[in-house]
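This is start.pdb (PDB, C-alpha atoms and all ligand atoms).
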ATOM      1  CA  MET O   1     188.824 115.284  94.554
ATOM      2  CA  THR O   2     190.334 112.986  97.181
ATOM      3  CA  ASN O   3     191.349 114.544 100.452
ATOM      4  CA  ASN O   4     193.412 113.382 103.372
ATOM      5  CA  TYR O   5     190.544 112.628 105.663
ATOM      6  CA  TYR O   6     188.883 109.333 106.502
ATOM      7  CA  LEU O   7     185.135 109.060 106.828
ATOM      8  CA  VAL O   8     184.048 106.649 109.546
ATOM      9  CA  LEU O   9     180.512 105.286 110.057
ATOM     10  CA  ALA O  10     179.920 104.373 113.675
ATOM     11  CA  GLY O  11     177.572 103.019 116.314
ATOM     12  CA  GLY O  12     178.509 102.866 120.002
ATOM     13  CA  VAL O  13     180.676 100.462 121.975
ATOM     14  CA  GLY O  14     182.251  98.381 119.158
ATOM     15  CA  ALA O  15     182.889 101.515 117.144
ATOM     16  CA  ALA O  16     184.423 103.369 120.075
ATOM     17  CA  LYS O  17     186.998 100.623 120.645
ATOM     18  CA  PHE O  18     188.037 100.733 117.010
ATOM     19  CA  ILE O  19     188.047 104.548 116.863
ATOM     20  CA  GLU O  20     190.322 104.694 119.911
ATOM     21  CA  GLY O  21     192.822 102.694 117.871
ATOM     22  CA  LEU O  22     192.216 104.701 114.734
ATOM     23  CA  ALA O  23     192.862 108.004 116.526
ATOM     24  CA  SER O  24     196.265 106.704 117.554
ATOM     25  CA  VAL O  25     197.381 105.754 114.024
ATOM     26  CA  ILE O  26     195.742 108.617 112.112
ATOM     27  CA  ASP O  27     195.867 112.274 113.151
ATOM     28  CA  PRO O  28     192.433 112.669 114.849
ATOM     29  CA  SER O  29     191.839 115.900 112.935
ATOM     30  CA  PHE O  30     191.674 113.761 109.763
ATOM     31  CA  LEU O  31     188.774 111.690 111.119
ATOM     32  CA  LYS O  32     185.207 112.616 110.264
ATOM     33  CA  ILE O  33     182.870 110.290 112.116
ATOM     34  CA  VAL O  34     179.196 109.948 111.226
ATOM     35  CA  ILE O  35     177.349 108.458 114.190
ATOM     36  CA  ASN O  36     174.015 106.699 114.543
ATOM     37  CA  THR O  37     171.386 108.809 116.339
ATOM     38  CA  ALA O  38     168.414 106.461 116.010
ATOM     39  CA  ASP O  39     169.001 105.239 119.603
ATOM     40  CA  ASP O  40     168.669 108.795 120.944
ATOM     41  CA  ILE O  41     166.169 109.026 123.737
ATOM     42  CA  GLU O  42     164.627 111.664 125.968
ATOM     43  CA  LEU O  43     164.641 110.784 129.660
ATOM     44  CA  TYR O  44     164.102 113.036 132.692
ATOM     45  CA  GLY O  45     163.423 115.828 130.193
ATOM     46  CA  LEU O  46     166.977 115.501 128.871
ATOM     47  CA  ARG O  47     168.219 114.600 125.409
ATOM     48  CA  ILE O  48     170.527 111.598 125.487
ATOM     49  CA  CYS O  49     172.518 110.395 122.475
ATOM     50  CA  PRO O  50     174.019 107.042 123.562
ATOM     51  CA  ASP O  51     176.245 106.332 120.546
ATOM     52  CA  LEU O  52     177.414 109.913 120.093
ATOM     53  CA  ASP O  53     178.217 110.163 123.813
ATOM     54  CA  ILE O  54     180.290 106.957 123.824
ATOM     55  CA  ILE O  55     182.397 108.155 120.896
ATOM     56  CA  THR O  56     182.671 111.661 122.388
ATOM     57  CA  TYR O  57     183.848 110.395 125.774
ATOM     58  CA  THR O  58     186.257 107.977 124.088
ATOM     59  CA  LEU O  59     187.935 110.673 122.008
ATOM     60  CA  ALA O  60     187.981 113.053 124.976
ATOM     61  CA  ASN O  61     189.773 110.256 126.851
ATOM     62  CA  ILE O  62     187.264 110.282 129.689
ATOM     63  CA  VAL O  63     185.259 107.155 128.830
ATOM     64  CA  ASP O  64     184.825 104.438 131.439
ATOM     65  CA  LYS O  65     186.884 101.807 129.644
ATOM     66  CA  GLN O  66     185.697  98.951 131.807
ATOM     67  CA  LYS O  67     182.043  99.511 130.989
ATOM     68  CA  GLY O  68     182.706 100.844 127.494
ATOM     69  CA  TRP O  69     180.254 103.725 128.036
ATOM     70  CA  GLY O  70     179.761 106.619 130.441
ATOM     71  CA  VAL O  71     182.436 108.737 132.086
ATOM     72  CA  GLN O  72     185.240 107.277 134.185
ATOM     73  CA  ASN O  73     185.213 107.643 137.999
ATOM     74  CA  GLU O  74     181.489 108.286 137.873
ATOM     75  CA  THR O  75     179.079 108.767 140.799
ATOM     76  CA  PHE O  76     175.305 108.336 140.674
ATOM     77  CA  ASN O  77     174.060 110.813 143.290
ATOM     78  CA  CYS O  78     171.743 112.779 141.039
ATOM     79  CA  LEU O  79     170.153 109.594 139.683
ATOM     80  CA  SER O  80     169.429 108.318 143.193
ATOM     81  CA  ILE O  81     167.207 111.354 143.799
ATOM     82  CA  LEU O  82     165.761 111.411 140.249
ATOM     83  CA  GLN O  83     164.583 107.849 140.722
ATOM     84  CA  ASN O  84     162.398 109.022 143.606
ATOM     85  CA  TYR O  85     160.615 111.371 141.257
ATOM     86  CA  TYR O  86     160.182 109.124 138.233
ATOM     87  CA  ASP O  87     158.752 105.630 137.895
ATOM     88  CA  PHE O  88     161.405 104.086 135.691
ATOM     89  CA  LYS O  89     164.761 102.927 137.012
ATOM     90  CA  TRP O  90     166.319 101.125 134.098
ATOM     91  CA  PHE O  91     168.591 103.694 132.492
ATOM     92  CA  ASN O  92     171.827 104.485 134.332
ATOM     93  CA  LEU O  93     173.061 108.037 134.134
ATOM     94  CA  GLY O  94     176.075 109.158 136.131
ATOM     95  CA  ASP O  95     176.509 112.655 137.493
ATOM     96  CA  LYS O  96     179.212 113.650 134.998
ATOM     97  CA  ASP O  97     177.275 112.117 132.107
ATOM     98  CA  LEU O  98     174.183 114.064 133.180
ATOM     99  CA  ALA O  99     176.161 117.280 132.802
ATOM    100  CA  THR O 100     176.523 116.550 129.071
ATOM    101  CA  HIS O 101     172.791 115.902 128.714
ATOM    102  CA  ILE O 102     171.908 119.078 130.610
ATOM    103  CA  PHE O 103     174.243 121.119 128.390
ATOM    104  CA  ARG O 104     172.944 119.455 125.195
ATOM    105  CA  THR O 105     169.306 120.023 126.190
ATOM    106  CA  ASP O 106     170.050 123.651 127.038
ATOM    107  CA  LEU O 107     171.564 124.191 123.585
ATOM    108  CA  TYR O 108     168.544 122.497 121.941
ATOM    109  CA  GLN O 109     166.265 124.869 123.764
ATOM    110  CA  LYS O 110     168.374 127.765 122.500
ATOM    111  CA  GLY O 111     167.776 126.566 118.905
ATOM    112  CA  TYR O 112     170.996 124.687 118.083
ATOM    113  CA  ASN O 113     170.672 121.575 115.933
ATOM    114  CA  LYS O 114     172.354 118.203 116.634
ATOM    115  CA  THR O 115     175.352 118.918 114.396
ATOM    116  CA  GLU O 116     175.976 122.292 116.015
ATOM    117  CA  ILE O 117     175.635 120.869 119.518
ATOM    118  CA  SER O 118     178.097 118.077 118.749
ATOM    119  CA  ALA O 119     180.580 120.633 117.381
ATOM    120  CA  VAL O 120     180.306 122.755 120.549
ATOM    121  CA  ILE O 121     180.725 119.733 122.849
ATOM    122  CA  CYS O 122     183.736 118.500 120.856
ATOM    123  CA  GLU O 123     185.352 121.908 121.047
ATOM    124  CA  LYS O 124     184.766 122.172 124.797
ATOM    125  CA  LEU O 125     186.214 118.688 125.361
ATOM    126  CA  GLY O 126     189.219 119.279 123.099
ATOM    127  CA  ILE O 127     188.206 116.683 120.484
ATOM    128  CA  LYS O 128     189.934 117.253 117.157
ATOM    129  CA  SER O 129     187.890 114.799 115.066
ATOM    130  CA  GLU O 130     184.578 115.915 113.588
ATOM    131  CA  LEU O 131     181.738 113.983 115.244
ATOM    132  CA  ILE O 132     178.679 114.182 113.057
ATOM    133  CA  PRO O 133     175.220 112.999 114.132
ATOM    134  CA  MET O 134     173.804 111.170 111.082
ATOM    135  CA  SER O 135     170.813 113.516 110.776
ATOM    136  CA  ASN O 136     169.521 116.664 112.403
ATOM    137  CA  GLU O 137     166.061 115.169 112.193
ATOM    138  CA  GLU O 138     164.515 112.466 114.350
ATOM    139  CA  VAL O 139     164.855 108.804 113.465
ATOM    140  CA  GLN O 140     163.861 106.352 116.201
ATOM    141  CA  THR O 141     164.483 102.631 116.301
ATOM    142  CA  PHE O 142     161.621 100.603 117.722
ATOM    143  CA  ILE O 143     161.819  96.880 118.407
ATOM    144  CA  ILE O 144     158.612  94.999 117.891
ATOM    145  CA  THR O 145     158.654  92.034 120.278
ATOM    146  CA  ASP O 146     156.181  89.321 121.181
ATOM    147  CA  SER O 147     155.242  91.291 124.311
ATOM    148  CA  LYS O 148     155.187  94.926 123.078
ATOM    149  CA  THR O 149     156.778  97.498 120.820
ATOM    150  CA  MET O 150     159.576  99.339 122.578
ATOM    151  CA  HIS O 151     162.342 101.897 122.020
ATOM    152  CA  PHE O 152     165.654 100.220 121.201
ATOM    153  CA  GLU O 153     167.211 101.389 124.493
ATOM    154  CA  GLU O 154     164.334  99.859 126.441
ATOM    155  CA  TYR O 155     164.820  96.554 124.617
ATOM    156  CA  TYR O 156     168.600  96.693 125.103
ATOM    157  CA  ILE O 157     168.938  97.994 128.659
ATOM    158  CA  ARG O 158     165.635  97.433 130.450
ATOM    159  CA  TYR O 159     164.816  94.041 128.970
ATOM    160  CA  GLN O 160     168.450  92.954 128.293
ATOM    161  CA  CYS O 161     167.520  91.857 124.711
ATOM    162  CA  GLU O 162     165.425  89.005 126.107
ATOM    163  CA  PRO O 163     162.032  89.465 124.386
ATOM    164  CA  LYS O 164     161.628  87.669 121.066
ATOM    165  CA  VAL O 165     162.096  90.162 118.252
ATOM    166  CA  LEU O 166     159.411  90.047 115.566
ATOM    167  CA  ASP O 167     160.379  93.127 113.564
ATOM    168  CA  ILE O 168     162.319  96.398 113.678
ATOM    169  CA  LYS O 169     160.909  99.776 112.783
ATOM    170  CA  PHE O 170     163.009 102.824 111.950
ATOM    171  CA  GLN O 171     160.476 105.562 112.514
ATOM    172  CA  GLY O 172     161.137 108.666 110.419
ATOM    173  CA  ILE O 173     163.980 107.217 108.362
ATOM    174  CA  ASP O 174     162.366 107.685 104.952
ATOM    175  CA  GLU O 175     161.734 111.364 105.549
ATOM    176  CA  ALA O 176     164.853 112.294 107.535
ATOM    177  CA  LYS O 177     167.558 114.115 105.637
ATOM    178  CA  PRO O 178     171.096 112.945 106.371
ATOM    179  CA  VAL O 179     173.437 115.753 107.413
ATOM    180  CA  SER O 180     174.066 117.552 104.142
ATOM    181  CA  HIS O 181     177.865 117.345 104.139
ATOM    182  CA  ILE O 182     177.826 113.533 104.337
ATOM    183  CA  PHE O 183     177.647 113.344 100.537
ATOM    184  CA  GLU O 184     180.666 115.605 100.042
ATOM    185  CA  TYR O 185     182.530 113.612 102.696
ATOM    186  CA  ILE O 186     181.667 110.262 101.093
ATOM    187  CA  SER O 187     182.957 111.332  97.699
ATOM    188  CA  GLY O 188     185.982 113.231  99.028
ATOM    189  CA  ALA O 189     187.270 110.845 101.691
ATOM    190  CA  LYS O 190     190.497 108.948 101.260
ATOM    191  CA  LYS O 191     188.712 105.868 102.633
ATOM    192  CA  VAL O 192     185.302 105.211 104.119
ATOM    193  CA  ILE O 193     185.472 102.878 107.123
ATOM    194  CA  ILE O 194     182.471 101.043 108.516
ATOM    195  CA  CYS O 195     183.209 100.215 112.166
ATOM    196  CA  PRO O 196     182.528  96.825 113.751
ATOM    197  CA  SER O 197     179.127  98.035 114.911
ATOM    198  CA  ASN O 198     175.651  96.615 114.939
ATOM    199  CA  PRO O 199     174.940  96.343 111.177
ATOM    200  CA  ILE O 200     171.180  96.715 111.597
ATOM    201  CA  VAL O 201     170.488  99.317 114.274
ATOM    202  CA  SER O 202     173.730 101.351 114.121
ATOM    203  CA  ILE O 203     175.110 101.202 110.568
ATOM    204  CA  GLY O 204     171.753 100.204 109.000
ATOM    205  CA  THR O 205     170.202 103.474 110.124
ATOM    206  CA  ILE O 206     173.012 105.608 108.658
ATOM    207  CA  ILE O 207     172.983 103.815 105.293
ATOM    208  CA  GLY O 208     169.177 103.727 105.376
ATOM    209  CA  LEU O 209     168.906 107.528 105.247
ATOM    210  CA  PRO O 210     167.788 108.755 101.823
ATOM    211  CA  GLY O 211     170.673 108.904  99.333
ATOM    212  CA  VAL O 212     173.430 107.504 101.563
ATOM    213  CA  LYS O 213     173.484 103.976 100.154
ATOM    214  CA  ASP O 214     173.584 105.292  96.571
ATOM    215  CA  ALA O 215     176.455 107.619  97.425
ATOM    216  CA  LEU O 216     178.419 104.733  98.982
ATOM    217  CA  LYS O 217     177.732 102.441  96.017
ATOM    218  CA  LYS O 218     179.510 104.934  93.740
ATOM    219  CA  VAL O 219     182.708 104.752  95.798
ATOM    220  CA  LYS O 220     182.495 101.178  97.074
ATOM    221  CA  GLN O 221     186.100 100.426  96.088
ATOM    222  CA  LYS O 222     187.282 102.683  98.902
ATOM    223  CA  VAL O 223     184.756 101.446 101.480
ATOM    224  CA  ILE O 224     186.127  99.014 104.093
ATOM    225  CA  ALA O 225     184.025  97.295 106.763
ATOM    226  CA  ILE O 226     185.083  95.279 109.787
ATOM    227  CA  SER O 227     182.839  92.389 110.803
ATOM    228  CA  PRO O 228     181.171  92.697 114.212
ATOM    229  CA  ILE O 229     180.245  89.017 114.013
ATOM    230  CA  ILE O 230     182.902  86.446 114.906
ATOM    231  CA  GLU O 231     182.307  82.686 114.712
ATOM    232  CA  GLY O 232     178.583  83.218 114.258
ATOM    233  CA  ALA O 233     178.126  85.382 117.365
ATOM    234  CA  THR O 234     178.312  89.010 118.459
ATOM    235  CA  VAL O 235     181.089  90.138 120.755
ATOM    236  CA  LYS O 236     178.435  92.130 122.641
ATOM    237  CA  GLY O 237     174.887  93.322 122.060
ATOM    238  CA  PRO O 238     171.921  92.034 120.086
ATOM    239  CA  ALA O 239     173.208  92.148 116.467
ATOM    240  CA  ASP O 240     172.725  88.363 116.115
ATOM    241  CA  LYS O 241     169.101  88.465 117.300
ATOM    242  CA  LEU O 242     168.275  91.392 115.045
ATOM    243  CA  MET O 243     169.976  89.810 112.025
ATOM    244  CA  LYS O 244     168.036  86.622 112.646
ATOM    245  CA  CYS O 245     164.725  88.462 112.754
ATOM    246  CA  LEU O 246     165.524  90.021 109.358
ATOM    247  CA  GLY O 247     166.287  86.582 107.937
ATOM    248  CA  LEU O 248     170.037  87.217 107.633
ATOM    249  CA  GLU O 249     172.630  84.531 108.184
ATOM    250  CA  ILE O 250     174.345  85.173 111.544
ATOM    251  CA  SER O 251     177.946  85.104 110.428
ATOM    252  CA  CYS O 252     180.480  87.390 108.817
ATOM    253  CA  VAL O 253     179.074  86.102 105.496
ATOM    254  CA  GLY O 254     175.638  87.396 106.519
ATOM    255  CA  VAL O 255     177.169  90.803 107.319
ATOM    256  CA  ALA O 256     179.040  90.816 103.993
ATOM    257  CA  LYS O 257     175.820  90.050 102.106
ATOM    258  CA  TYR O 258     174.055  92.858 103.965
ATOM    259  CA  TYR O 259     176.836  95.315 102.971
ATOM    260  CA  LYS O 260     177.686  93.869  99.577
ATOM    261  CA  GLU O 261     176.393  96.764  97.453
ATOM    262  CA  ILE O 262     178.384  99.352  99.368
ATOM    263  CA  ILE O 263     181.734  97.806 100.320
ATOM    264  CA  GLY O 264     184.789  96.824  98.303
ATOM    265  CA  HIS O 265     186.813  95.464 101.249
ATOM    266  CA  PHE O 266     185.864  93.436 104.307
ATOM    267  CA  ILE O 267     187.895  92.423 107.335
ATOM    268  CA  ILE O 268     186.843  89.243 109.076
ATOM    269  CA  ASP O 269     188.327  87.639 112.146
ATOM    270  CA  ASN O 270     191.117  85.071 111.761
ATOM    271  CA  LYS O 271     188.738  82.556 113.346
ATOM    272  CA  ASP O 272     186.430  82.935 110.334
ATOM    273  CA  CYS O 273     189.127  82.754 107.675
ATOM    274  CA  LYS O 274     187.608  79.568 106.240
ATOM    275  CA  LEU O 275     184.706  81.775 105.040
ATOM    276  CA  LYS O 276     186.978  84.178 103.137
ATOM    277  CA  SER O 277     186.459  82.598  99.702
ATOM    278  CA  GLU O 278     182.678  82.580 100.150
ATOM    279  CA  ILE O 279     182.754  86.338 100.767
ATOM    280  CA  GLU O 280     185.167  86.960  97.893
ATOM    281  CA  LYS O 281     182.625  85.342  95.567
ATOM    282  CA  LEU O 282     180.410  88.363  96.343
ATOM    283  CA  GLY O 283     183.065  90.551  94.724
ATOM    284  CA  ILE O 284     184.435  91.838  98.041
ATOM    285  CA  ARG O 285     188.188  91.729  98.765
ATOM    286  CA  THR O 286     188.386  89.975 102.110
ATOM    287  CA  TYR O 287     191.154  89.993 104.706
ATOM    288  CA  CYS O 288     191.596  87.921 107.859
ATOM    289  CA  TYR O 289     192.921  89.601 110.989
ATOM    290  CA  ASP O 290     192.641  89.382 114.777
ATOM    291  CA  THR O 291     189.661  91.702 115.296
ATOM    292  CA  ILE O 292     189.043  91.182 119.027
ATOM    293  CA  MET O 293     189.939  94.571 120.483
ATOM    294  CA  ASP O 294     190.566  93.679 124.112
ATOM    295  CA  SER O 295     193.636  95.871 124.602
ATOM    296  CA  ILE O 296     194.849  99.209 123.327
ATOM    297  CA  GLY O 297     197.591  97.379 121.434
ATOM    298  CA  LYS O 298     195.043  95.285 119.536
ATOM    299  CA  LYS O 299     192.863  98.312 118.794
ATOM    300  CA  LYS O 300     195.884 100.082 117.290
ATOM    301  CA  GLU O 301     196.981  97.028 115.292
ATOM    302  CA  LEU O 302     193.533  96.574 113.758
ATOM    303  CA  ALA O 303     193.329 100.285 112.973
ATOM    304  CA  GLN O 304     196.789 100.198 111.355
ATOM    305  CA  PHE O 305     195.739  97.176 109.289
ATOM    306  CA  VAL O 306     192.636  99.024 108.041
ATOM    307  CA  LYS O 307     194.721 102.119 107.312
ATOM    308  CA  ASP O 308     197.129 100.018 105.247
ATOM    309  CA  VAL O 309     194.486  98.239 103.117
ATOM    310  CA  LYS O 310     195.310  99.106  99.497
ATOM    311  CA  ILE O 311     192.281 100.483  97.706
TER     312      ILE O 311
HETATM  313  P1  LIG O 401     176.204  99.318 120.542
HETATM  314  O1  LIG O 401     175.453 100.559 120.112
HETATM  315  O2  LIG O 401     176.707  99.364 121.921
HETATM  316  O3  LIG O 401     175.489  98.039 120.178
HETATM  317  O4  LIG O 401     177.555  99.351 119.742
HETATM  318  P2  LIG O 401     177.864  99.175 118.219
HETATM  319  O5  LIG O 401     176.762  99.566 117.344
HETATM  320  O6  LIG O 401     179.201  99.800 118.021
HETATM  321  O7  LIG O 401     177.956  97.614 118.014
HETATM  322  C1  LIG O 401     178.205  96.603 118.818
HETATM  323  C2  LIG O 401     178.783  95.567 117.872
HETATM  324  O8  LIG O 401     180.185  95.673 117.927
HETATM  325  C3  LIG O 401     178.395  94.179 118.209
HETATM  326  O9  LIG O 401     177.822  93.529 117.108
HETATM  327  C4  LIG O 401     179.709  93.516 118.597
HETATM  328  O10 LIG O 401     179.802  92.187 118.158
HETATM  329  C5  LIG O 401     180.739  94.398 117.920
HETATM  330  N1  LIG O 401     181.987  94.419 118.661
HETATM  331  C6  LIG O 401     182.171  94.843 119.928
HETATM  332  N2  LIG O 401     183.453  94.678 120.291
HETATM  333  C7  LIG O 401     184.104  94.126 119.206
HETATM  334  C8  LIG O 401     185.445  93.708 118.975
HETATM  335  O11 LIG O 401     186.349  93.802 119.814
HETATM  336  N3  LIG O 401     185.726  93.186 117.723
HETATM  337  C9  LIG O 401     184.768  93.052 116.760
HETATM  338  N4  LIG O 401     185.107  92.528 115.589
HETATM  339  N5  LIG O 401     183.478  93.446 116.977
HETATM  340  C10 LIG O 401     183.154  93.970 118.175
END
Reformat the file's structure so that it appears as structure tokens.
Ligand code: GDP
Amino acid sequence: MTNNYYLVLAGGVGAAKFIEGLASVIDPSFLKIVINTADDIELYGLRICPDLDIITYTLANIVDKQKGWGVQNETFNCLSILQNYYDFKWFNLGDKDLATHIFRTDLYQKGYNKTEISAVICEKLGIKSELIPMSNEEVQTFIITDSKTMHFEEYYIRYQCEPKVLDIKFQGIDEAKPVSHIFEYISGAKKVIICPSNPIVSIGTIIGLPGVKDALKKVKQKVIAISPIIEGATVKGPADKLMKCLGLEISCVGVAKYYKEIIGHFIIDNKDCKLKSEIEKLGIRTYCYDTIMDSIGKKKELAQFVKDVKI
């Protein structure tokens, strides 16, 4: 049975920009958003879910739009004292943001799982979309570099993606169960939309959970992805470096090849339109559009374009 809702697979910053547009062209209560949790990290005794938090703050309309993460009009008083107590100083947490992590950790300690906690936070913040952590179990992305093996957030934030990446490890992914309703949502959704997110460490972890790729393959004609790679480079973040380490071509063609079993439609940037026919040879209907979301107008236009793709 096909329903009225859209299932969205999302990472952090790139996804949040697109979802802001999507929520203005589709009733937010018809959006079910499965979010990567393999970047989740425990710091200062608190549970932090970077991707989930970015999407949550975006849909609650409190995100710091300039930075693309965190809460707007933030202060860092608590952190300034915390940094006296702890040795590490590389992860920025604002006072308002910390409130979310304190609340989340409190609910964990009371026995709530990730899905339940996300539902409570969404309700408290007035979010109408369903924000679904990809699994209630732990999956952790580790980056193996030429200096040491480190958590993805350490590689991204502390070391600014500078160390040479030798390999990527998704600890726990083979054993972790995806949230159970993801299968019902994949088969029932009007469309499945893969955000312009990091294909390896944000979308790769969701589709790497047992059973998810097979479920998507069955409905690939309604699965639409937007390329996060434009003219052979990322807009932001380390997707290019991670694709290179896995031997993938760093281009929208490389992304299309990575997704080819699970997508029927692919949106590439106008600047890459010369590569359209190469992607179509993979059996993927390909569309060119302006995918740089540097204003609310452009976010909405891209979202409307994706909404209008005929499946
Ligand atoms: P992260 O967790 O902060 O890395 O966020 P995501 O997983 O959502 O992915 C970041 C990806 O989004 C990068 O590969 C960027 O190239 C891509 N991205 C960010 N902004 C845009 C944009 O405006 N347009 C497109 N097409 N991709 C974008």
Within 6 Å of ligand LIG 401 (chain O): each chain O residue with its shortest pair, only C-alpha atoms and all ligand atoms, as a tab-separated table:
residue	atom	partner	partner_atom	distance
O:Gly11	CA	O:LIG401	O5	3.7
O:Gly12	CA	O:LIG401	O4	3.7
O:Val13	CA	O:LIG401	O4	4.0
O:Gly14	CA	O:LIG401	O6	3.6
O:Ala15	CA	O:LIG401	O6	4.2
O:Asp51	CA	O:LIG401	O1	5.8
O:Pro196	CA	O:LIG401	N5	4.8
O:Ser197	CA	O:LIG401	O7	3.3
O:Asn198	CA	O:LIG401	O5	4.0
O:Ser202	CA	O:LIG401	O5	4.8
O:Ser227	CA	O:LIG401	N4	5.3
O:Pro228	CA	O:LIG401	N5	3.7
O:Ile229	CA	O:LIG401	O10	5.2
O:Thr234	CA	O:LIG401	O10	3.5
O:Val235	CA	O:LIG401	O10	3.5
O:Lys236	CA	O:LIG401	C4	4.5
O:Gly237	CA	O:LIG401	O3	5.1
O:Ala239	CA	O:LIG401	O9	4.9
O:Thr291	CA	O:LIG401	N4	4.6
O:Ile292	CA	O:LIG401	O11	3.8
O:Met293	CA	O:LIG401	O11	3.7
For the structure shown, which residues end up in the PyMOL selection byres (((chain O and resi 35) around 7) and not hetatm)? Put them as an mmCIF file with C-alpha atoms, in the coordinates of the input, please?
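After the write, part38.cif holds the following:
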data_model
loop_
_atom_site.group_PDB
_atom_site.id
_atom_site.type_symbol
_atom_site.label_atom_id
_atom_site.label_comp_id
_atom_site.auth_asym_id
_atom_site.auth_seq_id
_atom_site.Cartn_x
_atom_site.Cartn_y
_atom_site.Cartn_z
ATOM 1 C CA LEU O 9 180.512 105.286 110.057
ATOM 2 C CA ALA O 10 179.920 104.373 113.675
ATOM 3 C CA GLY O 11 177.572 103.019 116.314
ATOM 4 C CA ILE O 33 182.870 110.290 112.116
ATOM 5 C CA VAL O 34 179.196 109.948 111.226
ATOM 6 C CA ASN O 36 174.015 106.699 114.543
ATOM 7 C CA THR O 37 171.386 108.809 116.339
ATOM 8 C CA ASP O 51 176.245 106.332 120.546
ATOM 9 C CA LEU O 52 177.414 109.913 120.093
ATOM 10 C CA ILE O 132 178.679 114.182 113.057
ATOM 11 C CA PRO O 133 175.220 112.999 114.132
ATOM 12 C CA MET O 134 173.804 111.170 111.082
#
Evaluate the PyMOL selection byres (((chain O and resi 104) around 12) and not hetatm) and report residues as a count of residues only: 33
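When only C-alpha atoms are used to measure the gap to O:Lys67, the shortest distance among O:Ile173, O:Leu302, O:Ala16, O:Ile311 belongs to O:Ala16.
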Nearest to O:Pro238 by atom-to-atom distance, counting all atoms listed in the file, from O:Asp87, O:Glu162, O:Asp174, O:Asp64: O:Glu162
O:Ile81 surroundings by all atoms listed in the file, 12 Å radius, close-in-sequence under 5 positions cut, as a PyMOL selection string: chain O and resi 44+76+86-87+89+93-95
Near-O:Glu137 list (9 Å; only C-alpha atoms; drop same-chain fewer than 5 positions) as JSON, numbers by chain: {"O": [113, 114, 172, 175, 176, 177, 178, 179]}
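Residues selected in this file by the PyMOL selection byres (((chain O and resi 272) around 12) and not hetatm) comprise Ser227, Pro228, Ile229, Ile230, Glu231, Gly232, Ala233, Ser251, Cys252, Val253, Ile267, Ile268, Asp269, Asn270, Lys271, Cys273, Lys274, Leu275, Lys276, Ser277, Glu278, Ile279, Thr286, Tyr287, Cys288, Tyr289, Asp290 and Thr291 of chain O.
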Computed interatomic separation between atom CA of O:Lys191 and atom CA of O:Ile224 (Å): 7.5 Å
Using only C-alpha atoms: which of O:Gly126, O:Pro163, O:Gly247, O:Pro50 has the shortest distance to O:Ile143: O:Pro163
Atomic separation - atom CA of O:Lys300 relative to atom CA of O:Lys124, Å: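 Going from atom CA of O:Lys124 over to atom CA of O:Lys300 covers 25.8 Å.
With distances taken from (182.5, 102.7, 94.9) and restricted to all atoms listed in the file, the residues inside 10 Å are Ile186, Ser187, Val192, Asp214, Ala215, Leu216, Lys217, Lys218, Val219, Lys220, Gln221, Lys222, Val223, Glu261, Ile262, Ile263 and Gly264 of chain O.
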Selection file, C-alpha atoms, as a PDB file, in the coordinates of the input:
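Contents of again03.pdb, as written:
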ATOM      1  CA  ILE O 186     181.667 110.262 101.093  1.00  0.00           C
ATOM      2  CA  SER O 187     182.957 111.332  97.699  1.00  0.00           C
ATOM      3  CA  VAL O 192     185.302 105.211 104.119  1.00  0.00           C
ATOM      4  CA  ASP O 214     173.584 105.292  96.571  1.00  0.00           C
ATOM      5  CA  ALA O 215     176.455 107.619  97.425  1.00  0.00           C
ATOM      6  CA  LEU O 216     178.419 104.733  98.982  1.00  0.00           C
ATOM      7  CA  LYS O 217     177.732 102.441  96.017  1.00  0.00           C
ATOM      8  CA  LYS O 218     179.510 104.934  93.740  1.00  0.00           C
ATOM      9  CA  VAL O 219     182.708 104.752  95.798  1.00  0.00           C
ATOM     10  CA  LYS O 220     182.495 101.178  97.074  1.00  0.00           C
ATOM     11  CA  GLN O 221     186.100 100.426  96.088  1.00  0.00           C
ATOM     12  CA  LYS O 222     187.282 102.683  98.902  1.00  0.00           C
ATOM     13  CA  VAL O 223     184.756 101.446 101.480  1.00  0.00           C
ATOM     14  CA  GLU O 261     176.393  96.764  97.453  1.00  0.00           C
ATOM     15  CA  ILE O 262     178.384  99.352  99.368  1.00  0.00           C
ATOM     16  CA  ILE O 263     181.734  97.806 100.320  1.00  0.00           C
ATOM     17  CA  GLY O 264     184.789  96.824  98.303  1.00  0.00           C
TER      18      GLY O 264
END
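Between O:Ile296 and the residues O:Leu7, O:Ala23, O:Cys161, O:Leu82, the shortest atom-to-atom distance, using only C-alpha atoms, involves O:Ala23.
Reported to one decimal place, the separation of atom CA of O:Gln160 from atom CA of O:Tyr57 is 23.4 Å.
The nearest approach to O:Lys260 among the residues O:Phe183, O:Lys281, O:Lys298, O:Ile157, with only C-alpha atoms taken into account, belongs to O:Lys281.
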List as a PDB file with C-alpha atoms, keeping the file's coordinate frame the protein and nucleic acid residues near O:Asn4, meaning an atom at most 7 Å away when all atoms listed in the file are counted, but skip any in the same chain fewer than 5 places from it.
ATOM      1  CA  PHE O  30     191.674 113.761 109.763  1.00  0.00           C
ATOM      2  CA  ALA O 189     187.270 110.845 101.691  1.00  0.00           C
ATOM      3  CA  LYS O 190     190.497 108.948 101.260  1.00  0.00           C
TER       4      LYS O 190
END
